[in-house]
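Structure file work.pdb; described as PDB, C-alpha atoms and all ligand atoms.
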```pdb
ATOM      1  CA  MET A   1     -27.919  13.476 -35.425  1.00  0.00           C
ATOM      2  CA  LYS A   2     -25.395  15.219 -33.230  1.00  0.00           C
ATOM      3  CA  GLN A   3     -27.194  14.011 -30.143  1.00  0.00           C
ATOM      4  CA  ARG A   4     -27.101  10.459 -31.442  1.00  0.00           C
ATOM      5  CA  MET A   5     -23.347  10.754 -31.950  1.00  0.00           C
ATOM      6  CA  ASP A   6     -22.905  11.906 -28.381  1.00  0.00           C
ATOM      7  CA  TRP A   7     -24.913   9.004 -27.060  1.00  0.00           C
ATOM      8  CA  THR A   8     -22.816   6.597 -29.074  1.00  0.00           C
ATOM      9  CA  LYS A   9     -19.719   8.150 -27.572  1.00  0.00           C
ATOM     10  CA  ILE A  10     -21.098   7.920 -24.074  1.00  0.00           C
ATOM     11  CA  MET A  11     -22.001   4.274 -24.634  1.00  0.00           C
ATOM     12  CA  LEU A  12     -18.514   3.606 -25.935  1.00  0.00           C
ATOM     13  CA  PHE A  13     -16.952   5.286 -22.933  1.00  0.00           C
ATOM     14  CA  SER A  14     -19.183   3.332 -20.573  1.00  0.00           C
ATOM     15  CA  ALA A  15     -18.253   0.086 -22.305  1.00  0.00           C
ATOM     16  CA  ALA A  16     -14.583   1.024 -22.048  1.00  0.00           C
ATOM     17  CA  GLY A  17     -15.093   1.820 -18.376  1.00  0.00           C
ATOM     18  CA  ILE A  18     -16.688  -1.552 -17.687  1.00  0.00           C
ATOM     19  CA  VAL A  19     -13.915  -3.362 -19.556  1.00  0.00           C
ATOM     20  CA  ALA A  20     -11.326  -1.403 -17.576  1.00  0.00           C
ATOM     21  CA  ALA A  21     -13.105  -2.249 -14.319  1.00  0.00           C
ATOM     22  CA  ILE A  22     -13.195  -5.954 -15.206  1.00  0.00           C
ATOM     23  CA  LEU A  23      -9.539  -5.894 -16.208  1.00  0.00           C
ATOM     24  CA  GLY A  24      -8.693  -4.090 -12.983  1.00  0.00           C
ATOM     25  CA  ALA A  25     -10.589  -6.642 -10.927  1.00  0.00           C
ATOM     26  CA  SER A  26      -8.906  -9.563 -12.714  1.00  0.00           C
ATOM     27  CA  LEU A  27      -5.537  -7.916 -12.201  1.00  0.00           C
ATOM     28  CA  SER A  28      -6.078  -7.442  -8.480  1.00  0.00           C
ATOM     29  CA  LEU A  29      -7.355 -11.033  -8.265  1.00  0.00           C
ATOM     30  CA  LEU A  30      -4.168 -12.106  -9.978  1.00  0.00           C
ATOM     31  CA  ILE A  31      -2.041 -10.057  -7.613  1.00  0.00           C
ATOM     32  CA  PHE A  32      -3.858 -11.128  -4.460  1.00  0.00           C
ATOM     33  CA  GLY A  33      -4.179 -14.687  -5.712  1.00  0.00           C
ATOM     34  CA  ALA A  34      -0.445 -14.851  -6.235  1.00  0.00           C
ATOM     35  CA  SER A  35       0.567 -13.247  -2.952  1.00  0.00           C
ATOM     36  CA  PRO A  36       0.171 -16.119  -0.422  1.00  0.00           C
ATOM     37  CA  GLN A  37       3.101 -18.079  -1.815  1.00  0.00           C
ATOM     38  CA  PRO A  38       5.850 -18.380   0.769  1.00  0.00           C
ATOM     39  CA  ALA A  39       8.688 -16.099  -0.187  1.00  0.00           C
ATOM     40  CA  ALA A  40      11.761 -14.790   1.522  1.00  0.00           C
ATOM     41  CA  ARG A  41      11.294 -11.444   3.177  1.00  0.00           C
ATOM     42  CA  GLY A  42      11.139  -8.626   0.685  1.00  0.00           C
ATOM     43  CA  GLU A  43      10.789 -10.916  -2.330  1.00  0.00           C
ATOM     44  CA  GLY A  44       7.591 -10.562  -4.284  1.00  0.00           C
ATOM     45  CA  GLN A  45       5.488  -9.835  -1.227  1.00  0.00           C
ATOM     46  CA  ALA A  46       3.461  -6.808  -0.251  1.00  0.00           C
ATOM     47  CA  LEU A  47       5.705  -3.846   0.231  1.00  0.00           C
ATOM     48  CA  ILE A  48       4.410  -3.080   3.710  1.00  0.00           C
ATOM     49  CA  GLY A  49       6.601  -4.170   6.584  1.00  0.00           C
ATOM     50  CA  GLY A  50      10.179  -5.290   6.842  1.00  0.00           C
ATOM     51  CA  ALA A  51      13.119  -5.089   9.167  1.00  0.00           C
ATOM     52  CA  PHE A  52      13.105  -2.604  12.052  1.00  0.00           C
ATOM     53  CA  ASP A  53      15.224  -2.049  15.136  1.00  0.00           C
ATOM     54  CA  LEU A  54      13.526  -0.265  17.998  1.00  0.00           C
ATOM     55  CA  VAL A  55      13.230  -0.417  21.782  1.00  0.00           C
ATOM     56  CA  ASP A  56      10.160  -0.991  23.913  1.00  0.00           C
ATOM     57  CA  VAL A  57       9.077   1.111  26.895  1.00  0.00           C
ATOM     58  CA  ASP A  58      11.284  -0.986  29.206  1.00  0.00           C
ATOM     59  CA  GLY A  59      14.335  -0.430  27.028  1.00  0.00           C
ATOM     60  CA  ALA A  60      14.420  -3.925  25.522  1.00  0.00           C
ATOM     61  CA  ALA A  61      15.514  -4.182  21.889  1.00  0.00           C
ATOM     62  CA  ARG A  62      12.656  -5.192  19.589  1.00  0.00           C
ATOM     63  CA  ASN A  63      12.762  -6.003  15.896  1.00  0.00           C
ATOM     64  CA  GLU A  64      10.498  -7.502  13.215  1.00  0.00           C
ATOM     65  CA  GLU A  65      10.779 -10.937  14.818  1.00  0.00           C
ATOM     66  CA  MET A  66       8.277  -9.763  17.413  1.00  0.00           C
ATOM     67  CA  LEU A  67       5.634 -10.120  14.703  1.00  0.00           C
ATOM     68  CA  LEU A  68       6.175 -13.862  14.342  1.00  0.00           C
ATOM     69  CA  GLY A  69       3.656 -16.266  15.825  1.00  0.00           C
ATOM     70  CA  GLU A  70       0.699 -13.957  16.244  1.00  0.00           C
ATOM     71  CA  THR A  71      -1.409 -11.466  14.381  1.00  0.00           C
ATOM     72  CA  SER A  72      -0.386  -7.867  14.994  1.00  0.00           C
ATOM     73  CA  LEU A  73      -1.883  -4.461  14.402  1.00  0.00           C
ATOM     74  CA  VAL A  74       0.805  -1.827  13.855  1.00  0.00           C
ATOM     75  CA  TYR A  75       0.121   1.872  14.200  1.00  0.00           C
ATOM     76  CA  PHE A  76       2.478   4.867  14.052  1.00  0.00           C
ATOM     77  CA  GLY A  77       1.683   8.027  16.011  1.00  0.00           C
ATOM     78  CA  PHE A  78       2.794  10.151  18.939  1.00  0.00           C
ATOM     79  CA  THR A  79       1.592  10.765  22.459  1.00  0.00           C
ATOM     80  CA  TYR A  80       1.031  14.500  22.001  1.00  0.00           C
ATOM     81  CA  CYS A  81      -1.355  13.785  19.115  1.00  0.00           C
ATOM     82  CA  PRO A  82      -4.585  15.622  19.872  1.00  0.00           C
ATOM     83  CA  ASP A  83      -6.981  13.609  17.774  1.00  0.00           C
ATOM     84  CA  PHE A  84      -6.194  10.603  15.597  1.00  0.00           C
ATOM     85  CA  CYS A  85      -3.870   8.696  17.877  1.00  0.00           C
ATOM     86  CA  PRO A  86      -6.040   8.602  21.016  1.00  0.00           C
ATOM     87  CA  THR A  87      -9.063   7.620  18.944  1.00  0.00           C
ATOM     88  CA  GLU A  88      -7.116   4.953  17.111  1.00  0.00           C
ATOM     89  CA  LEU A  89      -5.530   3.486  20.220  1.00  0.00           C
ATOM     90  CA  ALA A  90      -8.911   3.359  21.923  1.00  0.00           C
ATOM     91  CA  ASN A  91     -10.244   1.507  18.859  1.00  0.00           C
ATOM     92  CA  LEU A  92      -7.323  -0.914  18.774  1.00  0.00           C
ATOM     93  CA  ALA A  93      -7.667  -1.578  22.498  1.00  0.00           C
ATOM     94  CA  ALA A  94     -11.339  -2.351  21.843  1.00  0.00           C
ATOM     95  CA  VAL A  95     -10.324  -4.788  19.076  1.00  0.00           C
ATOM     96  CA  LYS A  96      -7.969  -6.536  21.479  1.00  0.00           C
ATOM     97  CA  ARG A  97     -10.611  -6.772  24.237  1.00  0.00           C
ATOM     98  CA  ARG A  98     -13.190  -8.119  21.805  1.00  0.00           C
ATOM     99  CA  LEU A  99     -10.827 -10.808  20.563  1.00  0.00           C
ATOM    100  CA  GLN A 100      -9.722 -11.642  24.094  1.00  0.00           C
ATOM    101  CA  SER A 101     -13.343 -12.059  25.139  1.00  0.00           C
ATOM    102  CA  THR A 102     -13.605 -14.944  22.659  1.00  0.00           C
ATOM    103  CA  GLY A 103     -10.313 -16.553  23.675  1.00  0.00           C
ATOM    104  CA  ASP A 104      -8.466 -14.997  20.777  1.00  0.00           C
ATOM    105  CA  ASP A 105      -5.905 -12.183  20.777  1.00  0.00           C
ATOM    106  CA  VAL A 106      -3.954  -9.703  18.705  1.00  0.00           C
ATOM    107  CA  GLN A 107      -0.709  -7.888  19.408  1.00  0.00           C
ATOM    108  CA  ILE A 108      -1.096  -4.110  19.284  1.00  0.00           C
ATOM    109  CA  ILE A 109       2.088  -2.210  18.453  1.00  0.00           C
ATOM    110  CA  PHE A 110       2.289   1.567  18.728  1.00  0.00           C
ATOM    111  CA  ILE A 111       5.434   3.111  17.217  1.00  0.00           C
ATOM    112  CA  THR A 112       6.134   6.737  18.017  1.00  0.00           C
ATOM    113  CA  VAL A 113       7.068   9.105  15.203  1.00  0.00           C
ATOM    114  CA  ASP A 114       8.121  11.686  17.807  1.00  0.00           C
ATOM    115  CA  PRO A 115      11.001  10.022  19.671  1.00  0.00           C
ATOM    116  CA  GLU A 116      12.289  13.461  20.659  1.00  0.00           C
ATOM    117  CA  ARG A 117       9.381  14.076  23.066  1.00  0.00           C
ATOM    118  CA  ASP A 118       8.074  10.549  23.530  1.00  0.00           C
ATOM    119  CA  THR A 119      10.398   9.201  26.175  1.00  0.00           C
ATOM    120  CA  LYS A 120      10.058   5.547  27.143  1.00  0.00           C
ATOM    121  CA  GLU A 121       8.388   6.616  30.402  1.00  0.00           C
ATOM    122  CA  LEU A 122       5.859   8.844  28.652  1.00  0.00           C
ATOM    123  CA  LEU A 123       5.145   6.190  26.044  1.00  0.00           C
ATOM    124  CA  LYS A 124       4.714   3.545  28.727  1.00  0.00           C
ATOM    125  CA  ASP A 125       2.045   5.503  30.576  1.00  0.00           C
ATOM    126  CA  TYR A 126       0.360   6.518  27.353  1.00  0.00           C
ATOM    127  CA  VAL A 127      -0.132   3.059  25.856  1.00  0.00           C
ATOM    128  CA  ALA A 128      -1.038   1.560  29.245  1.00  0.00           C
ATOM    129  CA  TYR A 129      -3.847   4.075  29.529  1.00  0.00           C
ATOM    130  CA  PHE A 130      -5.553   2.377  26.574  1.00  0.00           C
ATOM    131  CA  HIS A 131      -4.623  -1.239  27.310  1.00  0.00           C
ATOM    132  CA  GLU A 132      -2.009  -2.724  29.608  1.00  0.00           C
ATOM    133  CA  ASP A 133      -0.691  -4.985  26.829  1.00  0.00           C
ATOM    134  CA  ILE A 134      -0.197  -2.492  24.023  1.00  0.00           C
ATOM    135  CA  VAL A 135       3.469  -2.551  23.017  1.00  0.00           C
ATOM    136  CA  GLY A 136       4.958   0.930  22.731  1.00  0.00           C
ATOM    137  CA  LEU A 137       8.098   1.257  20.622  1.00  0.00           C
ATOM    138  CA  THR A 138      10.573   4.064  20.136  1.00  0.00           C
ATOM    139  CA  GLY A 139      14.200   4.498  19.118  1.00  0.00           C
ATOM    140  CA  SER A 140      16.549   7.062  17.678  1.00  0.00           C
ATOM    141  CA  LEU A 141      15.098   9.302  14.986  1.00  0.00           C
ATOM    142  CA  ASP A 142      17.010   7.243  12.413  1.00  0.00           C
ATOM    143  CA  GLN A 143      15.582   3.979  13.748  1.00  0.00           C
ATOM    144  CA  VAL A 144      12.051   5.354  13.830  1.00  0.00           C
ATOM    145  CA  THR A 145      12.460   6.759  10.322  1.00  0.00           C
ATOM    146  CA  ALA A 146      13.668   3.383   9.046  1.00  0.00           C
ATOM    147  CA  ALA A 147      10.722   1.616  10.679  1.00  0.00           C
ATOM    148  CA  ALA A 148       8.285   4.125   9.189  1.00  0.00           C
ATOM    149  CA  GLN A 149       9.829   3.649   5.761  1.00  0.00           C
ATOM    150  CA  ALA A 150       9.469  -0.118   6.068  1.00  0.00           C
ATOM    151  CA  PHE A 151       5.735   0.351   6.650  1.00  0.00           C
ATOM    152  CA  ARG A 152       5.435   3.085   4.004  1.00  0.00           C
ATOM    153  CA  VAL A 153       4.415   5.476   6.752  1.00  0.00           C
ATOM    154  CA  TYR A 154       4.938   9.177   6.262  1.00  0.00           C
ATOM    155  CA  PHE A 155       5.584  11.586   9.118  1.00  0.00           C
ATOM    156  CA  GLU A 156       6.726  15.160   9.330  1.00  0.00           C
ATOM    157  CA  LYS A 157       7.444  17.659  12.072  1.00  0.00           C
ATOM    158  CA  VAL A 158       5.449  20.855  11.531  1.00  0.00           C
ATOM    159  CA  ASP A 159       4.715  24.038  13.483  1.00  0.00           C
ATOM    160  CA  ASP A 160       1.801  23.574  15.841  1.00  0.00           C
ATOM    161  CA  PRO A 161      -0.901  26.037  14.739  1.00  0.00           C
ATOM    162  CA  ASP A 162      -2.447  25.964  18.224  1.00  0.00           C
ATOM    163  CA  TYR A 163       0.731  26.477  20.235  1.00  0.00           C
ATOM    164  CA  PRO A 164       3.191  29.038  18.854  1.00  0.00           C
ATOM    165  CA  GLY A 165       6.779  27.861  19.214  1.00  0.00           C
ATOM    166  CA  GLU A 166       5.701  24.254  19.624  1.00  0.00           C
ATOM    167  CA  TYR A 167       5.597  21.556  16.980  1.00  0.00           C
ATOM    168  CA  THR A 168       3.253  18.790  16.069  1.00  0.00           C
ATOM    169  CA  MET A 169       3.615  15.749  13.804  1.00  0.00           C
ATOM    170  CA  ASN A 170       1.740  15.046  10.623  1.00  0.00           C
ATOM    171  CA  HIS A 171       1.619  11.316  10.077  1.00  0.00           C
ATOM    172  CA  THR A 172      -0.047   8.457   8.250  1.00  0.00           C
ATOM    173  CA  THR A 173      -3.025   7.222  10.244  1.00  0.00           C
ATOM    174  CA  LEU A 174      -3.388   3.759   8.723  1.00  0.00           C
ATOM    175  CA  VAL A 175      -3.372   0.634  10.861  1.00  0.00           C
ATOM    176  CA  TYR A 176      -1.447  -2.312   9.401  1.00  0.00           C
ATOM    177  CA  ALA A 177      -2.474  -5.880  10.120  1.00  0.00           C
ATOM    178  CA  MET A 178       0.457  -8.307   9.965  1.00  0.00           C
ATOM    179  CA  GLY A 179      -0.004 -12.068   9.945  1.00  0.00           C
ATOM    180  CA  PRO A 180       1.741 -14.562  12.251  1.00  0.00           C
ATOM    181  CA  ASP A 181       4.341 -15.000   9.483  1.00  0.00           C
ATOM    182  CA  GLY A 182       5.213 -11.332   9.947  1.00  0.00           C
ATOM    183  CA  ARG A 183       3.795 -10.373   6.594  1.00  0.00           C
ATOM    184  CA  TYR A 184       1.306  -7.721   5.646  1.00  0.00           C
ATOM    185  CA  VAL A 185      -2.330  -8.848   5.640  1.00  0.00           C
ATOM    186  CA  ALA A 186      -4.448  -5.709   5.413  1.00  0.00           C
ATOM    187  CA  HIS A 187      -4.676  -2.098   6.416  1.00  0.00           C
ATOM    188  CA  PHE A 188      -7.449  -0.063   7.962  1.00  0.00           C
ATOM    189  CA  GLY A 189      -8.208   3.611   7.625  1.00  0.00           C
ATOM    190  CA  ALA A 190      -8.340   5.905  10.634  1.00  0.00           C
ATOM    191  CA  ALA A 191     -11.376   5.381  12.855  1.00  0.00           C
ATOM    192  CA  THR A 192     -12.356   2.043  11.305  1.00  0.00           C
ATOM    193  CA  PRO A 193     -14.839   0.634  13.853  1.00  0.00           C
ATOM    194  CA  PRO A 194     -13.335  -2.084  16.085  1.00  0.00           C
ATOM    195  CA  GLU A 195     -16.019  -4.575  15.036  1.00  0.00           C
ATOM    196  CA  THR A 196     -14.999  -4.140  11.374  1.00  0.00           C
ATOM    197  CA  ILE A 197     -11.346  -4.810  12.193  1.00  0.00           C
ATOM    198  CA  VAL A 198     -12.284  -7.865  14.256  1.00  0.00           C
ATOM    199  CA  GLU A 199     -14.427  -9.131  11.381  1.00  0.00           C
ATOM    200  CA  GLU A 200     -11.677  -8.629   8.797  1.00  0.00           C
ATOM    201  CA  LEU A 201      -9.023 -10.254  10.975  1.00  0.00           C
ATOM    202  CA  THR A 202     -11.283 -13.227  11.615  1.00  0.00           C
ATOM    203  CA  LYS A 203     -11.970 -13.537   7.882  1.00  0.00           C
ATOM    204  CA  ALA A 204      -8.287 -13.284   7.026  1.00  0.00           C
ATOM    205  CA  ARG A 205      -7.445 -16.057   9.500  1.00  0.00           C
ATOM    206  CA  ALA A 206     -10.202 -18.301   8.209  1.00  0.00           C
ATOM    207  CA  GLY A 207      -8.989 -17.714   4.654  1.00  0.00           C
ATOM    208  CA  GLY A 208      -5.425 -18.621   5.651  1.00  0.00           C
TER     209      GLY A 208
HETATM  210 NI    NI A 301      -1.746  11.091  15.615  1.00  0.00          NI
END
```

Before we go any further, please render this structure as structure tokens.
Ligand code: NI
Amino acid sequence: MKQRMDWTKIMLFSAAGIVAAILGASLSLLIFGASPQPAARGEGQALIGGAFDLVDVDGAARNEEMLLGETSLVYFGFTYCPDFCPTELANLAAVKRRLQSTGDDVQIIFITVDPERDTKELLKDYVAYFHEDIVGLTGSLDQVTAAAQAFRVYFEKVDDPDYPGEYTMNHTTLVYAMGPDGRYVAHFGAATPPETIVEELTKARAGG
């Protein structure tokens, strides 16, 4: 009798779970279905992206208008990063080469979260190592912080466990895809294979 009760409960919970899953799916459909409407910046659109004021490796001022007219992949990191950033930039460079090989392209933007050490010169050499057309951006700490906040990117200066007296940066390792209208399209977790990113970008373009 007790066992039967428990089964009933489990069944009820499962049913509730399925209903919740269906509701969740409908809700996300609703949200995603509603998102493509043209809206002014910051109004009812995905909360990723927004205004930023930075400089590129040649010292030219760059802002969010650089996103207009082409698809972009935006990634925040720093040149001293021992692991995630080199891997990610290599992946993003591979995405760009793949797209270029089919007559397509994507703008890769690398924004440093360590403007203190990442000079324009250092950043220039660093991004060029992965691909000659990766855009490296930096700025004052305030400008970089504002840009990171616009993309909901977290970063923090912490003691480097490997080098006493030195620091390293903890930071979000997501890659943000922005459409030619400058708006958020998708994001990719660290080390997403280049072919997956290419596939998703191609799908997103086909879907409009
Ligand atoms: Ni990194």

Assuming the chain letters and numbering stay as they are in my file, what does the PyMOL selection byres (((chain A and resi 128) around 12) and not hetatm) actually select? List them as a list in words.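 After applying the PyMOL selection byres (((chain A and resi 128) around 12) and not hetatm), what remains is Val57, Thr79, Pro86, Leu89, Ala90, Ala93, Ile108, Ile109, Phe110, Lys120, Glu121, Leu122, Leu123, Lys124, Asp125, Tyr126, Val127, Tyr129, Phe130, His131, Glu132, Asp133, Ile134, Val135 and Gly136 of chain A.
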
Return as a PyMOL selection string every polymer residue, whether protein, DNA or RNA, with at least one atom no more than 12 Å from an atom of ligand NI 301 (chain A); count all atoms listed in the file. chain A and resi 75-89+110-114+154-157+168-175+190-191

With only C-alpha atoms counted, which protein, DNA or RNA residues have an atom no more than 9 Å from (5.3, -13.2, 13.4) in the file frame? Please answer as a list in words.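 Output: Glu64, Glu65, Met66, Leu67, Leu68, Gly69, Glu70, Thr71, Ser72, Met178, Gly179, Pro180, Asp181, Gly182 and Arg183 of chain A.
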
Result set of the PyMOL selection byres (((chain A and resi 53) around 8) and not hetatm) on the coordinates above, as a VMD selection string: chain A and resid 51 to 52 54 to 55 61 to 64 139 143 147

Decode the PyMOL selection byres (((chain A and resi 198) around 10) and not hetatm) for the given file into explicit residues and return them as a list in words.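 Checked against the file, the PyMOL selection byres (((chain A and resi 198) around 10) and not hetatm) matches Leu92, Ala94, Val95, Lys96, Arg98, Leu99, Val106, Pro193, Pro194, Glu195, Thr196, Ile197, Glu199, Glu200, Leu201, Thr202, Lys203 and Ala204 of chain A.
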
Centre, edges in Å (one decimal): axis-aligned box, range 108-111 of chain A, 3 Å padding on all six sides, as JSON:
```
{"center_x": 2.2, "center_y": -0.5, "center_z": 18.3, "size_x": 12.5, "size_y": 13.2, "size_z": 8.1}
```

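CA of Thr119 in chain A is found 7.9 Å from CA of Thr138 in chain A.
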
Would you please work out which residue, of A:Gln149, A:Gln107, A:Ser101, A:Asn91, is nearest to Gly50 in chain A when using all atoms listed in the file?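 Nearest to Gly50 in chain A: A:Gln149.
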